[in-house]
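Undergrad: Next comes start-v6.txt, compact mmCIF, C-alpha atoms and all ligand atoms:
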```txt
# COMPACT_ATOMS: atom_id res chain seq x y z
CA MET K 290 -21.65 1.06 3.61
CA ALA K 291 -18.80 0.23 1.28
CA SER K 292 -20.91 -2.32 -0.48
CA ILE K 293 -21.42 -2.84 -4.18
CA ASP K 294 -24.84 -4.20 -5.01
CA GLN K 295 -24.17 -7.55 -6.55
CA ASP K 296 -26.49 -9.44 -8.85
CA HIS K 297 -27.89 -12.56 -7.18
CA ARG K 298 -26.05 -14.58 -9.82
CA ALA K 299 -22.68 -13.27 -8.59
CA ALA K 300 -20.17 -16.03 -7.98
CA ASP K 301 -19.44 -17.22 -4.46
CA ARG K 302 -15.92 -15.88 -4.68
CA LEU K 303 -17.32 -12.34 -4.47
CA ARG K 304 -19.48 -12.98 -1.43
CA GLY K 305 -19.03 -10.32 1.23
CA ILE K 306 -16.43 -8.41 -0.77
CA SER K 307 -17.33 -4.77 -0.43
CA GLY K 308 -16.56 -1.78 -2.60
CA THR K 309 -13.26 -0.13 -1.86
CA ILE K 310 -13.61 2.30 1.00
CA PHE K 311 -11.10 4.58 -0.74
CA SER K 312 -13.34 5.17 -3.76
CA GLU K 313 -16.36 5.46 -1.54
CA MET K 314 -14.83 8.17 0.66
CA SER K 315 -13.45 10.05 -2.39
CA ALA K 316 -16.95 10.04 -3.87
CA LEU K 317 -18.24 11.39 -0.55
CA ALA K 318 -15.65 14.19 -0.72
CA VAL K 319 -16.76 15.11 -4.25
CA ARG K 320 -20.45 14.94 -3.29
CA THR K 321 -20.08 17.13 -0.23
CA GLY K 322 -17.29 19.40 -1.49
CA ALA K 323 -15.21 18.36 1.53
CA LEU K 324 -11.38 18.37 1.60
CA ASN K 325 -10.18 14.88 0.79
CA LEU K 326 -7.70 13.65 3.41
CA GLY K 327 -8.90 10.11 2.67
CA GLN K 328 -7.68 8.28 -0.41
CA GLY K 329 -3.91 8.29 -0.77
CA PHE K 330 -3.02 10.21 -3.87
CA PRO K 331 -0.95 13.37 -4.10
CA ASP K 332 -2.58 16.45 -5.55
CA ARG K 333 0.58 17.42 -7.40
CA ASP K 334 1.90 15.29 -10.29
CA GLY K 335 5.41 13.84 -10.43
CA PRO K 336 8.44 15.12 -12.39
CA GLU K 337 7.93 17.02 -15.62
CA SER K 338 10.76 15.08 -17.30
CA VAL K 339 8.80 11.87 -16.76
CA VAL K 340 5.64 13.33 -18.29
CA GLU K 341 7.82 14.50 -21.19
CA ALA K 342 9.26 10.99 -21.60
CA ALA K 343 5.70 9.62 -21.77
CA VAL K 344 4.76 12.22 -24.40
CA GLN K 345 7.83 11.23 -26.43
CA ALA K 346 6.83 7.58 -26.19
CA LEU K 347 3.22 8.36 -27.18
CA ARG K 348 4.45 10.34 -30.19
CA GLY K 349 7.27 7.92 -30.91
CA GLY K 350 5.30 4.83 -31.80
CA ARG K 351 5.29 3.05 -28.44
CA ASN K 352 1.55 2.44 -28.59
CA GLN K 353 1.19 -1.25 -29.30
CA TYR K 354 1.29 -4.13 -26.82
CA ALA K 355 4.33 -4.16 -24.58
CA PRO K 356 6.07 -7.55 -24.29
CA GLY K 357 4.55 -9.85 -21.62
CA PRO K 358 7.25 -9.30 -19.00
CA GLY K 359 7.40 -5.52 -19.68
CA VAL K 360 9.48 -3.30 -21.97
CA PRO K 361 13.20 -4.11 -21.77
CA GLU K 362 14.31 -0.61 -20.71
CA LEU K 363 11.95 -0.64 -17.70
CA ARG K 364 13.10 -4.09 -16.63
CA ASP K 365 16.70 -2.88 -16.96
CA ALA K 366 15.89 0.23 -14.93
CA VAL K 367 14.25 -1.85 -12.17
CA VAL K 368 17.36 -4.03 -12.00
CA ALA K 369 19.68 -1.00 -11.85
CA HIS K 370 17.50 0.52 -9.12
CA GLN K 371 17.55 -2.67 -7.00
CA THR K 372 21.34 -2.88 -7.35
CA ARG K 373 21.95 0.77 -6.55
CA GLN K 374 19.52 0.96 -3.63
CA TYR K 375 19.81 -2.47 -2.06
CA GLY K 376 22.79 -4.29 -3.56
CA LEU K 377 20.53 -6.95 -5.11
CA ASP K 378 21.90 -8.67 -8.20
CA LEU K 379 19.02 -9.31 -10.62
CA ASP K 380 18.72 -10.31 -14.25
CA ALA K 381 16.26 -8.22 -16.27
CA ASP K 382 15.20 -11.19 -18.40
CA ARG K 383 14.62 -13.64 -15.58
CA HIS K 384 13.86 -11.75 -12.37
CA VAL K 385 11.53 -8.88 -13.31
CA LEU K 386 7.88 -8.68 -14.36
CA VAL K 387 6.13 -5.37 -15.07
CA THR K 388 2.52 -5.24 -13.84
CA THR K 389 -0.53 -2.97 -13.91
CA GLY K 390 0.37 -1.31 -10.64
CA ALA K 391 1.10 -3.14 -7.43
CA THR K 392 -2.58 -4.05 -7.36
CA GLU K 393 -2.28 -6.44 -10.29
CA ALA K 394 0.97 -7.80 -8.91
CA ILE K 395 -0.77 -8.65 -5.63
CA ALA K 396 -3.71 -10.21 -7.48
CA ALA K 397 -1.50 -12.27 -9.76
CA ALA K 398 0.78 -13.40 -6.94
CA LEU K 399 -2.14 -14.62 -4.82
CA LEU K 400 -3.92 -16.30 -7.75
CA ALA K 401 -0.65 -17.93 -8.71
CA LEU K 402 0.44 -19.14 -5.28
CA VAL K 403 -2.66 -19.83 -3.19
CA ASN K 404 -4.72 -23.00 -3.54
CA PRO K 405 -8.33 -23.13 -2.37
CA GLY K 406 -8.24 -23.78 1.38
CA ASP K 407 -4.67 -22.50 1.83
CA GLU K 408 -4.08 -20.04 4.62
CA VAL K 409 -2.45 -16.69 3.96
CA VAL K 410 -0.88 -14.91 6.90
CA VAL K 411 -1.29 -11.17 6.52
CA LEU K 412 -0.47 -8.14 8.66
CA GLU K 413 -3.54 -6.38 10.06
CA PRO K 414 -4.66 -3.64 9.50
CA TYR K 415 -4.39 -4.85 5.91
CA TYR K 416 -4.55 -3.10 2.57
CA ASP K 417 -8.04 -3.80 1.25
CA SER K 418 -7.08 -5.50 -2.01
CA TYR K 419 -5.28 -8.23 -0.02
CA THR K 420 -8.44 -9.54 1.58
CA ALA K 421 -10.45 -9.38 -1.63
CA MET K 422 -7.78 -11.23 -3.58
CA ILE K 423 -7.09 -13.84 -0.89
CA GLN K 424 -10.81 -14.64 -1.04
CA MET K 425 -10.94 -14.68 -4.86
CA ALA K 426 -8.00 -17.08 -4.83
CA GLY K 427 -9.97 -19.33 -2.46
CA GLY K 428 -7.58 -18.71 0.42
CA ILE K 429 -8.29 -18.06 4.08
CA ARG K 430 -6.71 -15.05 5.74
CA ARG K 431 -4.94 -15.35 9.06
CA PRO K 432 -4.27 -11.83 10.30
CA VAL K 433 -1.46 -10.85 12.63
CA THR K 434 -2.42 -7.59 14.31
CA LEU K 435 -0.07 -4.62 14.55
CA ARG K 436 -1.46 -3.02 17.72
CA ALA K 437 -1.65 0.61 18.74
CA PRO K 438 0.18 2.60 19.95
CA ASP K 439 3.38 1.22 18.39
CA PHE K 440 2.06 -1.09 15.67
CA ARG K 441 5.05 -3.46 15.97
CA LEU K 442 5.07 -7.08 14.78
CA ASP K 443 4.68 -9.51 17.66
CA ALA K 444 6.78 -12.61 17.02
CA ASP K 445 4.52 -14.87 19.09
CA GLU K 446 1.38 -13.72 17.29
CA LEU K 447 3.10 -14.34 13.98
CA ARG K 448 4.13 -17.85 14.99
CA ALA K 449 0.64 -18.59 16.28
CA ALA K 450 -0.93 -17.53 12.98
CA VAL K 451 1.10 -19.97 10.89
CA SER K 452 -0.10 -23.55 10.48
CA ASP K 453 0.64 -26.46 8.20
CA ARG K 454 -2.05 -25.09 5.89
CA THR K 455 -0.23 -21.76 5.42
CA SER K 456 1.22 -21.30 1.95
CA VAL K 457 1.93 -17.58 1.72
CA LEU K 458 3.04 -14.89 4.12
CA LEU K 459 1.88 -11.53 2.80
CA LEU K 460 4.01 -8.70 4.16
CA ASN K 461 3.62 -4.98 3.73
CA SER K 462 6.46 -2.72 4.82
CA PRO K 463 6.48 0.27 4.86
CA HIS K 464 2.98 -0.43 6.09
CA ASN K 465 -0.30 1.16 5.02
CA PRO K 466 -2.14 2.42 7.08
CA THR K 467 0.05 2.48 10.23
CA GLY K 468 3.30 3.77 8.70
CA THR K 469 5.27 1.02 10.47
CA VAL K 470 8.58 0.17 8.85
CA LEU K 471 9.48 -3.35 9.90
CA ASP K 472 13.01 -3.38 11.29
CA ARG K 473 15.66 -5.98 10.72
CA THR K 474 14.83 -7.85 13.93
CA GLU K 475 11.16 -8.16 12.96
CA LEU K 476 12.03 -9.20 9.42
CA GLU K 477 14.43 -11.83 10.76
CA VAL K 478 11.57 -13.40 12.71
CA VAL K 479 9.49 -13.48 9.52
CA ALA K 480 12.44 -15.08 7.71
CA GLU K 481 12.81 -17.72 10.43
CA VAL K 482 9.11 -18.58 10.24
CA ALA K 483 9.20 -18.66 6.42
CA ARG K 484 12.18 -21.02 6.51
CA GLU K 485 10.69 -23.30 9.19
CA HIS K 486 7.39 -23.68 7.34
CA ASP K 487 8.77 -23.43 3.81
CA LEU K 488 6.55 -20.46 2.93
CA VAL K 489 6.58 -18.08 0.01
CA VAL K 490 6.75 -14.47 1.16
CA VAL K 491 4.92 -11.90 -0.93
CA THR K 492 6.10 -8.47 0.12
CA ASP K 493 4.41 -5.21 -0.87
CA GLU K 494 6.99 -2.42 -0.67
CA VAL K 495 5.26 0.36 -2.64
CA TYR K 496 6.25 2.94 0.01
CA GLU K 497 9.91 1.89 -0.09
CA HIS K 498 11.13 5.45 -0.66
CA LEU K 499 8.72 7.30 1.63
CA VAL K 500 10.45 6.67 4.96
CA PHE K 501 11.00 9.47 7.49
CA ASP K 502 13.41 10.52 10.23
CA GLY K 503 16.42 8.98 8.49
CA GLY K 504 14.88 5.51 8.88
CA GLU K 505 15.85 2.57 6.73
CA HIS K 506 13.61 0.38 4.59
CA VAL K 507 15.01 -3.13 4.47
CA PRO K 508 13.64 -5.10 1.52
CA PHE K 509 12.69 -8.56 2.75
CA ALA K 510 14.47 -10.16 -0.22
CA THR K 511 17.84 -8.85 1.03
CA LEU K 512 17.73 -11.02 4.17
CA PRO K 513 20.07 -14.00 4.01
CA GLY K 514 18.50 -16.86 2.06
CA MET K 515 15.21 -15.04 1.49
CA PHE K 516 15.51 -13.94 -2.15
CA GLU K 517 14.77 -17.48 -3.31
CA ARG K 518 11.39 -17.60 -1.57
CA THR K 519 10.27 -13.98 -2.00
CA VAL K 520 7.99 -12.21 -4.47
CA SER K 521 8.78 -8.50 -4.07
CA ILE K 522 6.27 -5.95 -5.28
CA SER K 523 6.68 -2.24 -5.89
CA SER K 524 5.15 0.47 -8.01
CA SER K 525 5.88 3.87 -9.50
CA GLY K 526 2.60 5.31 -8.22
CA LYS K 527 3.79 6.47 -4.80
CA THR K 528 7.50 6.81 -5.60
CA PHE K 529 6.97 9.22 -8.49
CA SER K 530 3.47 10.61 -7.76
CA PHE K 531 1.84 9.03 -10.77
CA THR K 532 -0.78 6.91 -9.04
CA GLY K 533 -3.01 6.95 -12.12
CA TRP K 534 -0.41 5.39 -14.39
CA LYS K 535 -0.50 2.00 -12.67
CA ILE K 536 3.00 0.88 -13.57
CA GLY K 537 4.23 -1.63 -11.01
CA TRP K 538 6.64 -4.55 -10.92
CA VAL K 539 7.45 -7.88 -9.36
CA THR K 540 10.98 -9.04 -8.70
CA GLY K 541 12.15 -12.41 -7.45
CA PRO K 542 13.70 -15.72 -8.42
CA GLU K 543 12.92 -16.86 -11.95
CA ALA K 544 10.57 -19.72 -11.03
CA LEU K 545 8.41 -17.50 -8.80
CA VAL K 546 8.37 -14.60 -11.27
CA ARG K 547 7.31 -16.95 -14.07
CA THR K 548 4.60 -18.40 -11.84
CA VAL K 549 3.22 -14.94 -11.09
CA GLN K 550 3.45 -14.11 -14.80
CA ALA K 551 1.45 -17.24 -15.60
CA ALA K 552 -1.49 -15.65 -13.77
CA LYS K 553 -0.77 -12.04 -14.72
CA GLN K 554 -0.77 -12.73 -18.47
CA TRP K 555 -4.47 -13.66 -18.25
CA LEU K 556 -5.47 -10.61 -16.26
CA THR K 557 -4.30 -7.71 -18.43
CA PHE K 558 -1.61 -9.46 -20.52
CA THR K 559 0.24 -6.11 -20.58
CA SER K 560 -0.62 -2.45 -20.11
CA GLY K 561 0.74 1.08 -20.20
CA ALA K 562 3.13 0.55 -23.15
CA PRO K 563 4.09 4.26 -23.51
CA LEU K 564 4.20 4.79 -19.75
CA GLN K 565 6.68 1.99 -19.14
CA PRO K 566 9.63 3.75 -20.86
CA ALA K 567 8.72 6.93 -19.01
CA ILE K 568 8.99 5.12 -15.66
CA ALA K 569 12.29 3.62 -16.85
CA HIS K 570 13.45 7.21 -17.33
CA ALA K 571 12.16 8.09 -13.85
CA LEU K 572 13.99 5.22 -12.13
CA ALA K 573 17.22 6.06 -13.95
CA ASN K 574 17.15 9.85 -13.59
CA GLU K 575 14.78 11.03 -10.89
CA SER K 576 15.98 9.58 -7.60
CA ALA K 577 16.32 13.17 -6.36
CA TYR K 578 12.55 13.48 -6.81
CA TYR K 579 11.62 10.79 -4.32
CA GLU K 580 14.35 11.80 -1.89
CA ALA K 581 12.89 15.32 -1.82
CA LEU K 582 9.35 13.94 -1.67
CA ALA K 583 10.13 11.94 1.47
CA LYS K 584 11.55 15.05 3.15
CA GLU K 585 8.55 17.11 2.12
CA LEU K 586 6.13 14.44 3.34
CA GLU K 587 7.95 14.30 6.67
CA VAL K 588 7.29 18.03 7.19
CA LYS K 589 3.65 17.54 6.18
CA ARG K 590 3.32 14.57 8.51
CA ASP K 591 4.53 16.74 11.37
CA PHE K 592 2.19 19.56 10.42
CA LEU K 593 -0.89 17.33 10.23
CA CYS K 594 0.00 15.36 13.36
CA ASP K 595 0.51 18.59 15.33
CA GLY K 596 -2.91 19.77 14.16
CA LEU K 597 -4.61 16.47 15.00
CA ARG K 598 -3.00 16.43 18.45
CA ARG K 599 -4.85 19.64 19.25
CA LEU K 600 -8.09 17.67 18.83
CA ASP K 601 -9.36 15.10 21.30
CA MET K 602 -7.78 12.06 19.69
CA ASP K 603 -4.73 9.82 20.07
CA VAL K 604 -2.31 10.42 17.21
CA TYR K 605 0.16 7.70 16.24
CA LEU K 606 3.16 9.26 14.51
CA PRO K 607 3.94 7.20 11.37
CA GLN K 608 7.49 6.29 10.33
CA SER K 609 6.60 6.27 6.64
CA THR K 610 3.91 6.40 3.92
CA TYR K 611 1.29 9.08 3.27
CA PHE K 612 -0.87 8.38 6.30
CA VAL K 613 -1.36 8.98 10.00
CA THR K 614 -3.66 6.84 12.14
CA THR K 615 -5.63 8.26 15.05
CA ASP K 616 -8.01 6.89 17.65
CA VAL K 617 -11.22 8.90 17.83
CA SER K 618 -13.03 6.95 20.57
CA ARG K 619 -13.31 9.98 22.90
CA TYR K 620 -15.67 11.71 20.46
CA GLY K 621 -18.46 9.33 21.40
CA TYR K 622 -19.30 7.72 18.04
CA ALA K 623 -20.14 4.03 17.77
CA ASP K 624 -17.16 3.58 15.45
CA GLY K 625 -14.79 5.29 13.03
CA LEU K 626 -17.25 4.93 10.17
CA GLU K 627 -19.88 6.92 12.03
CA PHE K 628 -17.24 9.55 12.83
CA CYS K 629 -16.07 9.70 9.18
CA LEU K 630 -19.64 9.96 7.87
CA ALA K 631 -20.32 12.91 10.18
CA LEU K 632 -17.02 14.60 9.33
CA PRO K 633 -17.90 16.21 5.96
CA GLU K 634 -20.92 17.95 7.44
CA ARG K 635 -19.27 18.84 10.75
CA ALA K 636 -15.92 19.95 9.38
CA GLY K 637 -15.88 19.73 5.58
CA VAL K 638 -13.16 17.06 5.71
CA VAL K 639 -13.02 13.41 4.60
CA ALA K 640 -10.91 10.72 6.30
CA ILE K 641 -10.84 6.91 6.13
CA PRO K 642 -12.34 4.64 8.81
CA SER K 643 -9.67 1.97 9.28
CA GLN K 644 -12.09 -0.58 10.76
CA PHE K 645 -12.45 -2.08 7.27
CA PHE K 646 -8.82 -3.16 7.49
CA TYR K 647 -9.25 -5.29 10.62
CA ASP K 648 -10.65 -8.68 11.59
CA ASP K 649 -10.04 -7.66 15.21
CA VAL K 650 -13.15 -5.50 15.53
CA GLU K 651 -12.19 -3.87 18.84
CA GLU K 652 -8.70 -2.95 17.72
CA GLY K 653 -10.06 -1.33 14.55
CA ARG K 654 -13.30 0.17 15.81
CA HIS K 655 -12.21 3.75 16.43
CA LYS K 656 -9.16 4.03 14.21
CA VAL K 657 -9.27 6.71 11.53
CA ARG K 658 -6.63 7.31 8.83
CA TRP K 659 -5.70 10.75 7.49
CA ALA K 660 -3.61 11.40 4.36
CA PHE K 661 -0.93 14.12 4.34
CA CYS K 662 0.19 13.71 0.69
CA LYS K 663 -1.63 16.95 -0.09
CA GLU K 664 -0.61 20.52 -0.78
CA GLN K 665 0.36 22.50 2.33
CA GLU K 666 -2.60 24.89 1.85
CA VAL K 667 -4.98 21.94 1.80
CA LEU K 668 -3.54 20.55 5.03
CA GLU K 669 -3.69 24.00 6.64
CA GLU K 670 -7.30 24.45 5.63
CA GLY K 671 -8.12 20.92 6.81
CA VAL K 672 -6.60 21.53 10.24
CA ARG K 673 -8.29 24.95 10.48
CA ARG K 674 -11.67 23.37 9.72
CA LEU K 675 -11.17 20.53 12.17
CA LEU K 676 -10.15 22.89 14.98
CA ALA K 677 -13.15 25.12 14.35
CA ALA K 678 -15.68 22.28 14.22
CA ASP K 679 -17.74 20.61 16.90
CA LEU K 680 -16.84 16.97 16.33
CA ARG K 681 -18.71 15.42 19.27
CA ALA K 682 -21.34 12.81 18.51
N1 LIG W 1 -0.23 -1.65 -1.81
C1 LIG W 1 -0.36 -0.67 -0.90
C2 LIG W 1 0.05 -0.92 0.50
C3 LIG W 1 -0.90 0.56 -1.29
O1 LIG W 1 -1.07 1.53 -0.40
C4 LIG W 1 -1.29 0.75 -2.64
C5 LIG W 1 -1.82 2.07 -3.10
N2 LIG W 1 -0.72 2.73 -3.69
C6 LIG W 1 -1.13 -0.31 -3.53
C7 LIG W 1 -0.61 -1.49 -3.08
C8 LIG W 1 -1.57 -0.20 -4.94
O2 LIG W 1 -0.57 0.27 -5.76
P1 LIG W 1 -0.85 0.60 -7.28
O3 LIG W 1 -1.57 1.91 -7.33
O4 LIG W 1 0.50 0.65 -7.89
O5 LIG W 1 -1.68 -0.49 -7.84
N1 LIG W 2 -3.36 3.17 -1.87
C1 LIG W 2 -4.35 4.20 -1.73
C2 LIG W 2 -4.70 4.37 -0.27
O1 LIG W 2 -4.34 3.58 0.55
C3 LIG W 2 -5.64 3.93 -2.42
C4 LIG W 2 -5.61 3.23 -3.71
C5 LIG W 2 -7.03 2.81 -4.06
O2 LIG W 2 -7.93 3.60 -3.97
N2 LIG W 2 -7.18 1.57 -4.41
O3 LIG W 2 -5.37 5.33 0.04
```
Represent the structure of the file as structure tokens.

TA:
Amino acid sequence: MASIDQDHRAADRLRGISGTIFSEMSALAVRTGALNLGQGFPDRDGPESVVEAAVQALRGGRNQYAPGPGVPELRDAVVAHQTRQYGLDLDADRHVLVTTGATEAIAAALLALVNPGDEVVVLEPYYDSYTAMIQMAGGIRRPVTLRAPDFRLDADELRAAVSDRTSVLLLNSPHNPTGTVLDRTELEVVAEVAREHDLVVVTDEVYEHLVFDGGEHVPFATLPGMFERTVSISSSGKTFSFTGWKIGWVTGPEALVRTVQAAKQWLTFTSGAPLQPAIAHALANESAYYEALAKELEVKRDFLCDGLRRLDMDVYLPQSTYFVTTDVSRYGYADGLEFCLALPERAGVVAIPSQFFYDDVEEGRHKVRWAFCKEQEVLEEGVRRLLAADLRA
């Protein structure tokens, strides 16, 4: 499962790296005609004005290579956004790098900052591209588990995971798949550890605007003294519901941004030239969009969680993101994968087995992730199907 058949001549750096479970489960949904509550993408596109801005750019001659660091108006818009939202004071020429989604930013940051044999401390469950890219960079992952039911960061576990071989601490908050938003106290522990061990912190904040219940996302770079050692990553995909555009960005101190760019320029060089000005428009003019989106997602979270609670599973209410995690062990399957493979036939629904995001096999074994970034009718139909189905093994 989740494997890509590799030629026997494949390089060692690919050994054991599987196919992404997200694509695999989406393909299963297409094959079986099941409702896709797996892969995290909304089924409604973002603001019309942003699409219009992209059309204007396509028609207006913005179709050749963008500059290496990204088009100036997008870098300016990222700076204005960071100032307005978080009070950060950045320079568009020195502190911003536009990337092909957060995915390329993560890849470039790890290739740029991890030497073969270095250890990378990463929150578990982890986003799947982290483990693939840590391995391709020659690094060794040292997971720190966020444990059910609360999925909080344990300071002692974090300290225990760091050694004198650690070079990078890879954070993700708001956190996929648990929905945890690290609070200031947790982030201060990370800052202390980073300072003590002189680590670079790479922080993936793509869900920065999708926080619920009036909660606050604190960017790691805003902690005292942390900007200088932090590579911050975000993306327009989740904020503006354009996951297929793959416009992301890195912000940080000049030396770190240039280092990440040194790797990034050899991956894609640049991409999305006409989409970059459209996302600049979005950042400058469409903050109401993501504010409304967060409120809408909060209602959908509650709807889906209420539905799932009527089944025989533990439901862990997320503070953010598109996803809710459940524990399905009472259904009697060997693991979440077996449950998720039976689900299309039993209920006509697809979900994601989270076990692929864990080194701690027991902690991950029966965790299943469900996406609620879908139209209300889809969620209603999904819940109806699940309640009507016999889900026992
Ligand atoms: N990081 C996390 C935690 C994600 O959930 C995703 C998916 N949006 C990404 C990175 C990838 O972002 P992008 O689509 O911008 O490459
Ligand atoms: N971020 C999306 C998720 O967690 C998936 C993106 C992908 O398929 N790589 O579902």

Undergrad: Find the distance between CA of Val520 in chain K and CA of Val491 in chain K and write it in Å to one decimal.

TA: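 Between CA of Val520 in chain K and CA of Val491 in chain K the gap is 4.7 Å.
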
Undergrad: Counting only C-alpha atoms, which residue out of K:Gly468, K:Gly308, K:Pro633, K:Gly537 sits closest to Gly504 in chain K?

TA: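 Going through K:Gly468, K:Gly308, K:Pro633, K:Gly537 one by one, the smallest distance to Gly504 in chain K is for K:Gly468.
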
Undergrad: Using all atoms listed in the file, which of K:Tyr496, K:Phe330, K:Pro563, K:Glu393 sits nearest Ala342 in chain K?

TA: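 Result for the nearest residue to Ala342 in chain K: K:Pro563.
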
Undergrad: Tell me which of K:Ala483, K:Leu675, K:Val470, K:Ala640 sits closest to Thr610 in chain K, counting all atoms listed in the file.

TA: K:Val470

Undergrad: Record the distance separating CA of Ala346 in chain K and CA of Leu564 in chain K, expressed in Å with one decimal.

TA: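 CA of Leu564 in chain K lies at a distance of 7.5 Å from CA of Ala346 in chain K.
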
Undergrad: Need the shell around Gly406 in chain K: protein/DNA/RNA residues with any atom at most 12 Å away, counting all atoms listed in the file. Skip same-chain ones fewer than 6 positions apart. Format as an MDAnalysis selection string?

TA: chainID K and resid 423:431 453:457

Undergrad: Could you tell me, counting all atoms listed in the file, which protein and nucleic acid residues lie no more than 6 Å from ligand LIG 1 (chain W), written as an mmCIF file with C-alpha atoms, keeping the file's coordinate frame?

TA:
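Written file, part01.cif:
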```
data_model
loop_
_atom_site.group_PDB
_atom_site.id
_atom_site.type_symbol
_atom_site.label_atom_id
_atom_site.label_comp_id
_atom_site.auth_asym_id
_atom_site.auth_seq_id
_atom_site.Cartn_x
_atom_site.Cartn_y
_atom_site.Cartn_z
ATOM 1 C CA GLY K 390 0.370 -1.310 -10.640
ATOM 2 C CA ALA K 391 1.100 -3.140 -7.430
ATOM 3 C CA THR K 392 -2.580 -4.050 -7.360
ATOM 4 C CA TYR K 416 -4.550 -3.100 2.570
ATOM 5 C CA ASN K 465 -0.300 1.160 5.020
ATOM 6 C CA ASP K 493 4.410 -5.210 -0.870
ATOM 7 C CA VAL K 495 5.260 0.360 -2.640
ATOM 8 C CA SER K 524 5.150 0.470 -8.010
ATOM 9 C CA GLY K 526 2.600 5.310 -8.220
ATOM 10 C CA LYS K 527 3.790 6.470 -4.800
ATOM 11 C CA THR K 532 -0.780 6.910 -9.040
ATOM 12 C CA LYS K 535 -0.500 2.000 -12.670
ATOM 13 C CA GLY K 537 4.230 -1.630 -11.010
#
```

Undergrad: Give as a list in words every residue, naming chains and numbers as the document does, that has an atom within 8 Å of (-9.9, 5.2, 4.1), counting all atoms listed in the file.

TA: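 I get Ile310, Phe311, Met314, Gly327, Gln328, Ala640, Ile641, Pro642, Ser643, Val657, Arg658 and Trp659 of chain K for the residues within 8 Å of that point.
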
Undergrad: Give me the residues within 12 Å of Leu412 in chain K as a ChimeraX atom specification, counting all atoms listed in the file and dropping any in the same chain fewer than 4 places off.

TA: /K:416-417,419-420,430-436,440-444,446-447,450,457-467,469,471,479,491-493,646-649

Undergrad: Would you mind reading off the distance between CA of Ser307 in chain K and CA of Ala396 in chain K, one decimal, in Å?

TA: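 Calculated distance between CA of Ser307 in chain K and CA of Ala396 in chain K is 16.3 Å.
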
Undergrad: Within 9 Å of Ala323 in chain K, counting only C-alpha atoms, which residues qualify if same-chain residues fewer than 2 places away don't, as an MDAnalysis selection string?

TA: chainID K and resid 317:321 325 632:634 636:639

Undergrad: Using all atoms listed in the file, pick whichever of K:Ala316, K:Leu626, K:Val549, K:Leu586 has the shortest atom-to-atom distance to ligand LIG 2 (chain W).

TA: K:Ala316

Undergrad: Counting only C-alpha atoms, which residue out of K:Arg681, K:Arg448, K:Glu664, K:Met515 sits closest to Val482 in chain K?

TA: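 Once distances to Val482 in chain K are computed over only C-alpha atoms, the minimum belongs to K:Arg448.
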
Undergrad: Compile the contact shell of Arg484 in chain K as a list in words: residues with an atom at most 12 Å away, counting all atoms listed in the file, same-chain residues fewer than 3 positions apart removed.

TA: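 Skipping anything fewer than 3 positions along the chain leaves Val451, Ser456, Val457, Leu458, Glu477, Val478, Val479, Ala480, Glu481, Asp487, Leu488, Val489, Val490, Leu512, Pro513, Gly514, Met515, Phe516, Glu517, Arg518 and Thr519 of chain K.
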
Undergrad: Show me the residues around (2.1, 14.4, 9.8) - criterion: an atom at most 10 Å away, only C-alpha atoms counted - as a ChimeraX atom specification.

TA: /K:586-597,604-609,611-614,659-662,668

Undergrad: Name the closest residue to ligand LIG 2 (chain W) among the candidates K:Ala343, K:Asp439, K:Ala421, K:Asp445; distances are taken between atoms, counting all atoms listed in the file.

TA: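 Smallest separation from ligand LIG 2 (chain W) among the options: K:Ala421.
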
Undergrad: With a distance cut-off of 7 Å and only C-alpha atoms, select the neighbouring residues of Pro331 in chain K, excluding the residue or stretch itself and same-chain residues fewer than 2 positions from it, and output the selection as a list in words.

TA: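 Here the qualifying residues turn out to be Gly329, Arg333, Ser530, Cys662 and Lys663 of chain K.
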
Undergrad: N, CA and C atoms are needed for range 634-641 of chain K; please write them out as a compact mmCIF listing (two decimals), keeping the file's coordinate frame.

TA:
```txt
# COMPACT_ATOMS: atom_id res chain seq x y z
N GLU K 634 -19.94 16.94 7.04
CA GLU K 634 -20.92 17.95 7.44
C GLU K 634 -20.40 18.78 8.62
N ARG K 635 -19.75 18.12 9.57
CA ARG K 635 -19.27 18.84 10.75
C ARG K 635 -18.09 19.75 10.43
N ALA K 636 -17.19 19.23 9.56
CA ALA K 636 -15.92 19.95 9.38
C ALA K 636 -15.53 20.18 7.92
N GLY K 637 -16.27 19.58 6.98
CA GLY K 637 -15.88 19.73 5.58
C GLY K 637 -14.58 18.99 5.26
N VAL K 638 -14.39 17.85 5.91
CA VAL K 638 -13.16 17.06 5.71
C VAL K 638 -13.56 15.59 5.56
N VAL K 639 -12.80 14.85 4.73
CA VAL K 639 -13.02 13.41 4.60
C VAL K 639 -11.78 12.66 5.08
N ALA K 640 -11.99 11.60 5.86
CA ALA K 640 -10.91 10.72 6.30
C ALA K 640 -11.38 9.27 6.10
N ILE K 641 -10.51 8.32 6.38
CA ILE K 641 -10.84 6.91 6.13
C ILE K 641 -11.03 6.15 7.45
```
